[in-house]
Each structure stands twice: as structure tokens, then as C-alpha cells.
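Participant: I am sharing upload-v5.cif, which consists of mmCIF, C-alpha atoms and all ligand atoms:
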```cif
data_final
#
loop_
_atom_site.label_atom_id
_atom_site.label_comp_id
_atom_site.auth_asym_id
_atom_site.auth_seq_id
_atom_site.Cartn_x
_atom_site.Cartn_y
_atom_site.Cartn_z
CA MET C 1435 110.10 102.13 60.87
CA THR C 1436 107.32 101.04 63.20
CA ALA C 1437 107.36 102.96 66.43
CA ARG C 1438 107.68 101.43 69.85
CA VAL C 1439 104.37 102.01 71.64
CA ILE C 1440 105.03 103.60 75.03
CA ASP C 1441 103.00 101.80 77.71
CA GLY C 1442 101.61 104.58 79.91
CA LYS C 1443 99.58 102.14 81.98
CA ALA C 1444 102.66 100.15 83.02
CA ALA C 1445 104.60 103.33 83.79
CA ALA C 1446 101.67 104.67 85.82
CA THR C 1447 101.44 101.42 87.81
CA GLY C 1448 105.10 101.84 88.76
CA VAL C 1449 104.59 105.46 89.89
CA ILE C 1450 101.48 104.51 91.89
CA GLU C 1451 103.27 101.60 93.59
CA ARG C 1452 106.12 103.92 94.61
CA ALA C 1453 103.61 106.49 95.95
CA LYS C 1454 101.86 103.78 97.96
CA THR C 1455 105.14 102.51 99.45
CA ALA C 1456 106.36 106.03 100.25
CA GLY C 1457 103.00 106.95 101.82
CA ALA C 1458 103.07 103.85 104.02
CA ALA C 1459 106.67 104.57 105.06
CA LEU C 1460 105.73 108.13 106.06
CA ALA C 1461 102.73 106.93 108.06
CA ALA C 1462 104.88 104.33 109.85
CA LYS C 1463 107.58 106.87 110.72
CA THR C 1464 105.53 109.97 111.58
CA GLY C 1465 101.89 108.93 111.83
CA VAL C 1466 101.07 111.24 108.91
CA ARG C 1467 98.89 109.54 106.30
CA PRO C 1468 98.81 111.39 102.95
CA GLY C 1469 95.45 113.09 102.41
CA LEU C 1470 93.98 114.22 99.07
CA ALA C 1471 90.84 116.31 98.60
CA VAL C 1472 89.24 116.65 95.16
CA VAL C 1473 86.62 119.35 94.60
CA LEU C 1474 84.12 119.02 91.76
CA VAL C 1475 81.50 121.63 90.93
CA GLY C 1476 78.69 120.73 88.54
CA GLU C 1477 77.73 117.79 86.37
CA ASP C 1478 80.37 117.71 83.59
CA ALA C 1479 80.39 114.04 82.54
CA ALA C 1480 84.12 113.73 81.79
CA SER C 1481 85.00 115.49 85.06
CA GLN C 1482 82.79 113.06 87.03
CA VAL C 1483 84.79 110.14 85.59
CA TYR C 1484 88.17 111.79 86.26
CA VAL C 1485 87.21 112.66 89.85
CA ALA C 1486 85.96 109.15 90.59
CA ASN C 1487 89.23 107.71 89.23
CA LYS C 1488 91.31 110.08 91.34
CA GLY C 1489 89.42 109.15 94.53
CA ARG C 1490 89.66 105.42 93.77
CA THR C 1491 93.38 105.60 93.06
CA ALA C 1492 94.05 107.62 96.23
CA GLU C 1493 92.21 104.98 98.27
CA ALA C 1494 94.14 102.21 96.54
CA CYS C 1495 97.34 104.01 97.61
CA GLY C 1496 96.14 103.94 101.22
CA PHE C 1497 95.64 107.73 101.34
CA HIS C 1498 92.97 109.59 103.24
CA SER C 1499 90.71 110.59 100.33
CA VAL C 1500 87.89 113.12 100.32
CA THR C 1501 85.71 114.23 97.40
CA HIS C 1502 83.56 117.36 97.63
CA ARG C 1503 80.79 117.31 95.01
CA LEU C 1504 79.08 120.70 94.81
CA PRO C 1505 76.03 121.67 92.73
CA THR C 1506 76.33 123.67 89.50
CA ASP C 1507 74.77 126.75 91.12
CA THR C 1508 77.41 126.90 93.88
CA THR C 1509 78.45 130.52 94.48
CA GLU C 1510 82.08 131.53 94.33
CA ALA C 1511 81.94 132.51 98.01
CA ASP C 1512 80.72 129.03 98.97
CA LEU C 1513 83.39 127.35 96.84
CA LEU C 1514 86.12 129.56 98.33
CA ALA C 1515 84.85 128.63 101.80
CA VAL C 1516 85.33 124.93 100.95
CA ILE C 1517 88.88 125.64 99.74
CA ASP C 1518 89.61 127.63 102.92
CA GLN C 1519 88.36 124.76 105.05
CA LEU C 1520 90.61 122.28 103.18
CA ASN C 1521 93.57 124.67 103.43
CA ALA C 1522 93.11 124.64 107.21
CA ASP C 1523 92.56 120.87 107.54
CA PRO C 1524 95.76 119.16 108.79
CA ALA C 1525 94.58 115.76 107.46
CA ILE C 1526 94.57 117.15 103.89
CA HIS C 1527 97.94 117.59 102.15
CA GLY C 1528 96.80 117.93 98.54
CA ILE C 1529 93.83 119.86 97.10
CA LEU C 1530 92.73 119.47 93.50
CA GLN C 1531 90.03 121.71 92.05
CA GLN C 1532 88.64 119.83 89.04
CA LEU C 1533 88.36 122.09 85.98
CA PRO C 1534 86.52 123.39 84.03
CA LEU C 1535 84.27 125.25 86.46
CA PRO C 1536 80.67 126.12 85.59
CA ARG C 1537 80.13 129.55 84.08
CA GLY C 1538 80.20 132.37 86.61
CA LEU C 1539 83.02 130.89 88.70
CA ASP C 1540 86.49 132.36 88.14
CA ALA C 1541 89.01 129.51 87.87
CA ASN C 1542 91.98 131.81 88.53
CA ARG C 1543 90.46 133.13 91.75
CA VAL C 1544 89.39 129.67 92.93
CA VAL C 1545 92.67 127.92 92.12
CA GLY C 1546 94.56 130.95 93.47
CA ARG C 1547 92.93 130.39 96.85
CA ILE C 1548 94.58 126.96 97.26
CA ASP C 1549 97.51 126.97 99.68
CA PRO C 1550 100.57 126.62 97.39
CA ASP C 1551 101.90 123.91 99.75
CA LYS C 1552 98.74 121.86 99.03
CA ASP C 1553 98.53 122.75 95.31
CA VAL C 1554 99.20 119.24 93.98
CA ASP C 1555 97.97 120.25 90.51
CA GLY C 1556 100.70 122.91 90.33
CA LEU C 1557 98.41 125.65 89.06
CA THR C 1558 98.87 128.42 91.62
CA LEU C 1559 101.03 131.38 90.62
CA VAL C 1560 103.59 130.39 93.26
CA ASN C 1561 104.12 126.93 91.79
CA ALA C 1562 103.95 128.14 88.17
CA GLY C 1563 106.51 130.81 89.10
CA ARG C 1564 108.82 128.31 90.77
CA LEU C 1565 108.75 126.11 87.67
CA ALA C 1566 109.29 129.07 85.34
CA SER C 1567 112.25 130.18 87.51
CA GLY C 1568 113.90 126.79 87.21
CA MET C 1569 113.01 125.76 90.78
CA ALA C 1570 111.19 122.59 89.68
CA GLY C 1571 112.47 120.72 92.76
CA GLU C 1572 110.51 123.09 95.02
CA ALA C 1573 107.43 123.36 92.80
CA PHE C 1574 104.42 121.15 92.45
CA VAL C 1575 104.48 120.51 88.71
CA PRO C 1576 101.15 120.03 86.86
CA CYS C 1577 100.46 116.30 86.70
CA THR C 1578 100.01 115.83 82.94
CA PRO C 1579 103.30 117.41 81.80
CA ALA C 1580 105.11 115.80 84.75
CA GLY C 1581 103.78 112.44 83.53
CA CYS C 1582 104.87 113.19 79.96
CA MET C 1583 108.40 113.84 81.23
CA VAL C 1584 108.50 110.45 82.93
CA LEU C 1585 107.56 108.80 79.62
CA ILE C 1586 110.04 110.89 77.61
CA ARG C 1587 112.85 110.06 80.06
CA GLN C 1588 111.95 106.38 79.85
CA VAL C 1589 112.78 106.53 76.14
CA LEU C 1590 115.55 109.14 75.98
CA GLY C 1591 117.12 109.21 79.45
CA GLU C 1592 117.67 112.13 81.85
CA SER C 1593 119.34 114.69 79.62
CA LEU C 1594 117.68 115.99 76.48
CA ALA C 1595 120.71 118.11 75.53
CA GLY C 1596 120.98 118.51 71.79
CA LYS C 1597 117.36 117.46 71.19
CA SER C 1598 114.80 119.76 69.66
CA ALA C 1599 111.35 119.64 71.23
CA VAL C 1600 108.13 121.09 69.88
CA VAL C 1601 105.10 121.48 72.14
CA VAL C 1602 101.85 122.13 70.28
CA GLY C 1603 99.52 123.95 72.69
CA ARG C 1604 100.23 126.73 75.20
CA SER C 1605 97.73 126.20 78.02
CA ASN C 1606 98.75 126.84 81.63
CA LEU C 1607 97.69 123.28 82.44
CA VAL C 1608 99.71 121.43 79.81
CA GLY C 1609 101.59 123.29 77.06
CA LYS C 1610 103.47 125.93 79.05
CA PRO C 1611 104.63 123.73 81.95
CA MET C 1612 105.55 121.02 79.43
CA ALA C 1613 107.81 123.46 77.62
CA GLN C 1614 109.39 124.56 80.94
CA LEU C 1615 110.15 120.96 81.90
CA LEU C 1616 111.70 120.19 78.52
CA LEU C 1617 113.81 123.33 78.81
CA LEU C 1618 114.97 122.32 82.30
CA ALA C 1619 116.04 118.98 80.80
CA ASP C 1620 118.18 120.95 78.30
CA ALA C 1621 116.07 120.40 75.18
CA THR C 1622 115.81 123.25 72.67
CA VAL C 1623 112.13 124.10 72.87
CA THR C 1624 109.58 125.61 70.51
CA ILE C 1625 105.97 126.25 71.55
CA ALA C 1626 103.43 126.16 68.70
CA HIS C 1627 99.78 127.23 68.92
CA SER C 1628 96.77 128.19 66.83
CA ARG C 1629 98.57 131.22 65.35
CA THR C 1630 101.71 129.34 64.32
CA GLY C 1631 102.43 129.53 60.60
CA ASP C 1632 103.21 126.29 58.73
CA LEU C 1633 102.66 124.09 61.77
CA ALA C 1634 103.70 120.92 59.93
CA ARG C 1635 107.12 122.39 59.09
CA VAL C 1636 107.64 123.44 62.73
CA CYS C 1637 106.62 119.98 63.98
CA ARG C 1638 108.93 118.22 61.50
CA GLU C 1639 111.91 119.80 63.30
CA ALA C 1640 111.03 117.96 66.50
CA ASP C 1641 113.05 115.10 67.95
CA ILE C 1642 110.39 115.22 70.68
CA LEU C 1643 106.87 116.22 69.66
CA VAL C 1644 104.25 116.84 72.35
CA ALA C 1645 100.69 117.39 71.10
CA ALA C 1646 98.31 119.12 73.56
CA VAL C 1647 95.66 120.69 71.36
CA GLY C 1648 92.31 118.93 71.65
CA ARG C 1649 91.71 118.32 67.92
CA PRO C 1650 91.22 114.72 66.82
CA GLU C 1651 94.14 113.32 64.80
CA MET C 1652 95.16 116.79 63.67
CA LEU C 1653 98.88 116.01 63.39
CA GLY C 1654 99.55 113.62 60.51
CA ALA C 1655 102.59 112.09 58.83
CA ASP C 1656 103.66 115.50 57.46
CA CYS C 1657 104.26 116.64 61.08
CA ILE C 1658 106.58 113.80 62.13
CA LYS C 1659 110.37 113.79 61.82
CA PRO C 1660 111.59 110.23 61.16
CA GLY C 1661 112.75 108.78 64.49
CA ALA C 1662 110.88 111.33 66.62
CA VAL C 1663 109.46 110.54 70.06
CA VAL C 1664 105.77 111.49 69.94
CA ILE C 1665 103.77 112.21 73.10
CA ASP C 1666 100.06 112.61 72.47
CA VAL C 1667 98.25 114.39 75.30
CA GLY C 1668 94.98 114.94 73.43
CA ILE C 1669 91.85 113.09 74.48
CA ASN C 1670 89.11 113.44 71.88
CA ARG C 1671 85.90 111.43 71.63
CA ILE C 1672 84.80 110.80 68.04
CA ALA C 1673 82.00 108.87 66.39
CA ALA C 1674 82.84 105.21 65.66
CA PRO C 1675 80.10 103.91 63.37
CA GLU C 1676 82.27 100.83 62.67
CA ARG C 1677 81.57 99.78 66.29
CA GLY C 1678 77.83 100.15 65.86
CA GLU C 1679 75.27 102.90 65.74
CA GLY C 1680 75.87 105.73 68.18
CA LYS C 1681 79.21 104.27 69.35
CA THR C 1682 82.24 106.46 70.02
CA ARG C 1683 85.96 105.99 70.63
CA LEU C 1684 88.84 108.02 71.99
CA VAL C 1685 91.62 109.35 69.77
CA GLY C 1686 94.52 111.69 70.38
CA ASP C 1687 95.68 114.81 68.56
CA VAL C 1688 98.07 112.70 66.48
CA ASP C 1689 97.10 110.35 63.65
CA PHE C 1690 98.48 107.30 65.45
CA ALA C 1691 98.63 104.93 62.46
CA ALA C 1692 100.41 107.42 60.20
CA ALA C 1693 102.80 108.68 62.91
CA SER C 1694 103.71 105.14 63.99
CA GLU C 1695 105.26 104.54 60.55
CA LEU C 1696 107.77 107.36 61.12
CA ALA C 1697 108.29 107.86 64.85
CA SER C 1698 110.70 105.80 66.98
CA ALA C 1699 108.32 105.82 69.96
CA ILE C 1700 104.75 107.04 70.46
CA THR C 1701 102.12 107.12 73.19
CA PRO C 1702 98.73 105.56 72.39
CA VAL C 1703 95.35 107.10 73.22
CA PRO C 1704 93.97 105.74 75.45
CA GLY C 1705 96.68 104.10 77.57
CA GLY C 1706 99.47 106.64 77.15
CA VAL C 1707 99.54 110.00 78.92
CA GLY C 1708 96.10 109.64 80.57
CA PRO C 1709 97.06 107.05 83.22
CA MET C 1710 100.23 109.03 84.01
CA THR C 1711 98.22 112.11 84.97
CA ILE C 1712 96.50 110.36 87.88
CA ALA C 1713 99.72 108.60 88.88
CA MET C 1714 101.59 111.92 89.14
CA LEU C 1715 98.78 113.31 91.28
CA MET C 1716 99.48 110.52 93.76
CA ALA C 1717 103.22 111.25 93.62
CA ASN C 1718 102.59 114.97 94.25
CA THR C 1719 100.25 114.18 97.16
CA VAL C 1720 102.91 112.03 98.80
CA SER C 1721 105.47 114.83 98.34
CA ALA C 1722 103.06 117.32 99.93
CA ALA C 1723 102.53 115.00 102.91
CA TYR C 1724 106.30 114.52 103.38
CA ARG C 1725 106.82 118.28 103.34
CA ALA C 1726 103.98 118.82 105.82
CA ALA C 1727 105.59 116.25 108.12
CA GLY C 1728 108.97 118.01 107.84
CA GLU C 1729 110.52 115.09 105.94
CA ALA C 1730 112.41 115.21 102.63
CA PRO C 1731 110.05 114.06 99.83
CA PRO C 1732 111.03 110.86 98.02
CA ARG C 1733 112.72 111.43 94.65
P1 LIG L 1 93.38 124.11 75.81
O1 LIG L 1 92.13 124.17 75.00
O2 LIG L 1 93.49 124.91 77.06
O3 LIG L 1 94.62 124.49 74.88
C1 LIG L 1 94.72 124.02 73.57
C2 LIG L 1 95.91 124.63 72.89
O4 LIG L 1 95.94 124.16 71.56
C3 LIG L 1 95.88 126.15 72.83
O5 LIG L 1 97.13 126.67 73.20
C4 LIG L 1 95.57 126.44 71.35
O6 LIG L 1 96.20 127.59 70.84
C5 LIG L 1 96.15 125.23 70.66
N1 LIG L 1 95.48 125.01 69.39
C6 LIG L 1 94.15 124.98 69.13
N2 LIG L 1 93.92 124.78 67.84
C7 LIG L 1 95.15 124.69 67.24
C8 LIG L 1 95.57 124.50 65.90
N3 LIG L 1 94.70 124.37 64.91
N4 LIG L 1 96.89 124.48 65.65
C9 LIG L 1 97.78 124.61 66.67
N5 LIG L 1 97.44 124.80 67.95
C10 LIG L 1 96.13 124.82 68.23
O7 LIG L 1 93.59 122.55 76.10
P2 LIG L 1 94.48 121.80 77.22
O8 LIG L 1 95.89 122.22 77.12
O9 LIG L 1 93.81 121.84 78.54
O10 LIG L 1 94.33 120.29 76.70
C11 LIG L 1 94.78 119.91 75.42
C12 LIG L 1 94.34 118.48 75.13
O11 LIG L 1 94.88 117.61 76.10
C13 LIG L 1 92.83 118.24 75.20
O12 LIG L 1 92.50 117.25 74.23
C14 LIG L 1 92.60 117.68 76.57
O13 LIG L 1 91.47 116.84 76.62
C15 LIG L 1 93.85 116.88 76.74
N6 LIG L 1 94.24 116.68 78.13
C16 LIG L 1 94.61 115.43 78.47
C17 LIG L 1 95.02 115.15 79.75
C18 LIG L 1 95.46 113.78 80.05
O14 LIG L 1 95.46 113.38 81.19
N7 LIG L 1 95.89 112.99 79.04
C19 LIG L 1 95.02 116.17 80.80
C20 LIG L 1 94.72 117.51 80.31
C21 LIG L 1 94.32 117.72 79.03
P3 LIG L 1 95.82 129.10 71.29
O15 LIG L 1 96.45 129.28 72.62
O16 LIG L 1 96.41 129.92 70.24
O17 LIG L 1 94.32 129.14 71.33
#
```
Please lay out the structure from this file as C-alpha cells.
Facilitator:
Amino acid sequence: MTARVIDGKAAATGVIERAKTAGAALAAKTGVRPGLAVVLVGEDAASQVYVANKGRTAEACGFHSVTHRLPTDTTEADLLAVIDQLNADPAIHGILQQLPLPRGLDANRVVGRIDPDKDVDGLTLVNAGRLASGMAGEAFVPCTPAGCMVLIRQVLGESLAGKSAVVVGRSNLVGKPMAQLLLLADATVTIAHSRTGDLARVCREADILVAAVGRPEMLGADCIKPGAVVIDVGINRIAAPERGEGKTRLVGDVDFAAASELASAITPVPGGVGPMTIAMLMANTVSAAYRAAGEAPPR
């Protein structure tokens, strides 16, 4: 079997178009234009790229878009003051604190300061609690797992009843909310991590395999059940001497070539989950703006 390659870019374009249309409709009806603020502290190269993409996409959606770039030596008090100011700003409906933070800044305290109604990354305890309590409709769900669900549903439909799902990785940003979403869709869910014994055997049980580890091509053919749907969240930069000296390329956590021989559908890296993450941020920002305007968010 050669797997269908799931086109994350095309799916993301659809989500972004819907966010743009919904944002324009809200502005026309209420005068409220969705506003997104992204806060970046320090010089992390990957974060700089992600933040620039988020700002560009928000502008392309017609949103009010603000980026706060703060120096590496920013104190926690100063960063919290920026968050407080954004919490109080009626033109801002979504706040995203780009992670990781430089050493010395406590991510839990900083993210915890974001008003849960503006927490479009879904990382505050309120939104994590809502999701864990099965109140996904009222929660802001972290963008990456929310995007994975859109791709999974594209292949398998709304209900995952009777399907077994294995999520490799248990971070608050990806693995845990991913597992919650799969559970809410009625899949039977296993979470695997660095202490899991016989990982390949666990993964081979999966009708839906989500890899969110951060280790290049770690999951090979021995981890794939024939016919599985494979969602590769990992983004790993590796040396690519075949492209020339000093060149690099991006790979996922799954050995794409090997897994494609067995899976029924698989996301590529790049061009799979990555574009969906930014698209879902736009969707969450529109929802936040609708709520702030007292309107029912678009579904
Ligand atoms: P974390 O480092 O926070 O979590 C990694 C998880 O993988 C941990 O739960 C860890 O287990 C587990 N793990 C590590 N080594 C192994 C192993 N050998 N076997 C099994 N499990 C293992 O990473 P994130 O969740 O933030 O991100 C995961 C990946 O997804 C990264 O490559 C990241 O770049 C990418 N990513 C991609 C996004 C996108 O838009 N496509 C967005 C966010 C992340 P333990 O808990 O036991 O340590």
C-alpha cells in the first residue's frame, strides 16, 4: 500500500479563508475587527520565523495584528506588565506568548497571566481544564492538536468510535491535548512517552498514530499498523549533505518513506501539521473576537 499524503497546506488555506470571511462578517456586523498580539522574548531563530509567519497570516486575514519583540534580558515583571496591558486592551482578542522563554522566565507564570478569554493558544489552566473536562466547545484548544484533528477528520470523518489511537509524546502543548481531543471523538486512546516499554509494539496497535516527540525519523516501519492514519507533528532539522555542504532539511518524527508503504494516509514534513498550527491560531482568534462581541463563534 502507498499512503495518501495528507495536504496540510491545502487544509490550512481552507481554515484561513474561513477565518478571514468570519472576521470580515463580524467587523461588518459589530465593528469589531479581530485582534491578535504575539509576544516574543529573545532571539531564538525558529521562534523568530514562527512569530513573523503568525503576524503575516493575521494581516492577510484582515486582523489587527501586533507583535511585541522583547530583549532576552527582559525581567518577568516587565513581561507580565506587557501581558497585563494586552489583557486590558479592547482591540486585542487573542494573546500568544511564543515559547520557549529565555532562562529565568517562568513559562507557567507568564502564560498563566493571560486572560483565559484571550488565551488563543489554549495553555492556561482554565482552558486546559475545560478541555480535560470534556468542555471543548467552551475551551480554546491548543492550535497544533486542534489542527491535527482537522486532518484526522478529513480522512476518517467525525466519529472515531472503535478506532484505537496512540499519541507518542505527553507535553501540555501537543501530546496531552491531542489525547483529550481523540478521546472526545470517541477513539480509544493510549499515550506513550520516553518511559513506555516496547514503544513499537504499542504504536503497532494504532489505527491513528500521532507522533509528537522531537526525534528525527524515530518511528519506523515496525511502529506502523497496516492501514493506519499517521500524523507527524515533529519538526526536526537534520544535516543534508546530499544538498551540498552545510545544507539541512526538515524531517518529522516518523520515517516517512518506510511508513508510507504501510499507512493508508500520512502527513508530510514539511507541509503537513505545521501549516495547520498557524491556521488554527487564526480560527481561535476569530472565535475570541466573536465571544468578545457577544456573538456566537462560527463553527
Ligand atoms: P516536548 O519536548 O515538550 O515533548 C516531547 C515528548 O516526547 C515528551 O513527552 C517525551 O517524553 C517524549 N519522548 C521523548 N523521547 C522519547 C522516546 N525516545 N520515546 C518516546 N517518547 C519520547 O515537545 P513538544 O510536544 O513541544 O513537541 C514535539 C515535537 O513537535 C517537536 O519536534 C516540535 O518541534 C514539534 N512541534 C511541531 C509543531 C507544529 O506546528 N508542527 C508545534 C509544536 C511542536 P517524556 O515526557 O517522558 O519526557
Participant: Give the answer as one residue: which of C:Ala1634, C:Ala1693, C:Ala1730, C:Ala1717 has the shortest atom-to-atom distance to ligand LIG 1 (chain L), using only C-alpha atoms and all ligand atoms?
Facilitator: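 Of all the options, C:Ala1634 lies closest to ligand LIG 1 (chain L).
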Participant: Excluding region 1459-1465 of chain C and its own-chain neighbours fewer than 5 positions away, which residues fall within 12 Å of it when counting only C-alpha atoms? Please give them as a ChimeraX atom specification.
Facilitator: /C:1452-1454,1495-1498,1525,1720-1732
Participant: Tell me which protein, DNA and RNA residues are within 10 Å of region 1602-1605 of chain C, counting all atoms listed in the file, leaving out same-chain ones fewer than 3 positions away, and put them as a list in words.
Facilitator: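 Near region 1602-1605 of chain C, the qualifying residues are Ala1599, Val1608, Gly1609, Lys1610, Pro1611, Met1612, Ala1613, Thr1624, Ile1625, Ala1626, His1627, Ser1628, Thr1630, Leu1633, Val1636, Cys1637, Leu1643, Val1644, Ala1645, Ala1646, Val1647, Gly1648, Leu1653, Asp1666, Val1667 and Asp1687 of chain C.
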Participant: Out of C:Met1716, C:Pro1675, C:Ser1698, C:Asn1521, which residue has the shortest atom-to-atom distance to Ser1499 (chain C) when counting all atoms listed in the file?
Facilitator: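 With all atoms listed in the file as the atom set, the closest residue is C:Met1716.
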Participant: From the set C:Ala1458, C:Val1600, C:Ala1640, C:Ala1492, which residue has the shortest atom-to-atom contact distance to ligand LIG 1 (chain L), counting only C-alpha atoms and all ligand atoms?
Facilitator: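 Selected residue with least distance to ligand LIG 1 (chain L): C:Val1600.
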Participant: With distances taken over only C-alpha atoms, which of C:Gly1568, C:Pro1704, C:Pro1505, C:Gly1538 is nearest to Lys1443 (chain C)?
Facilitator: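 Ranked by minimum distance to Lys1443 (chain C), first place goes to C:Pro1704.
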Participant: If you measure from CA of Ile1665 (chain C) to CA of Ile1586 (chain C), what distance in Å do you get, rounded to one decimal?
Facilitator: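 Between these atoms lies a distance of 7.8 Å.
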Participant: Looking at C:Leu1557, C:Val1707, C:Ala1522, C:Val1475, which one is nearest to Arg1537 (chain C), with distances taken over all atoms listed in the file?
Facilitator: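 Counting all atoms listed in the file, the residue closest to Arg1537 (chain C) is C:Val1475.
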Participant: So how many Å separate CA of Ala1437 (chain C) and CA of Gly1591 (chain C), to one decimal?
Facilitator: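 Spanning CA of Ala1437 (chain C) to CA of Gly1591 (chain C) is a straight-line distance of 17.4 Å.
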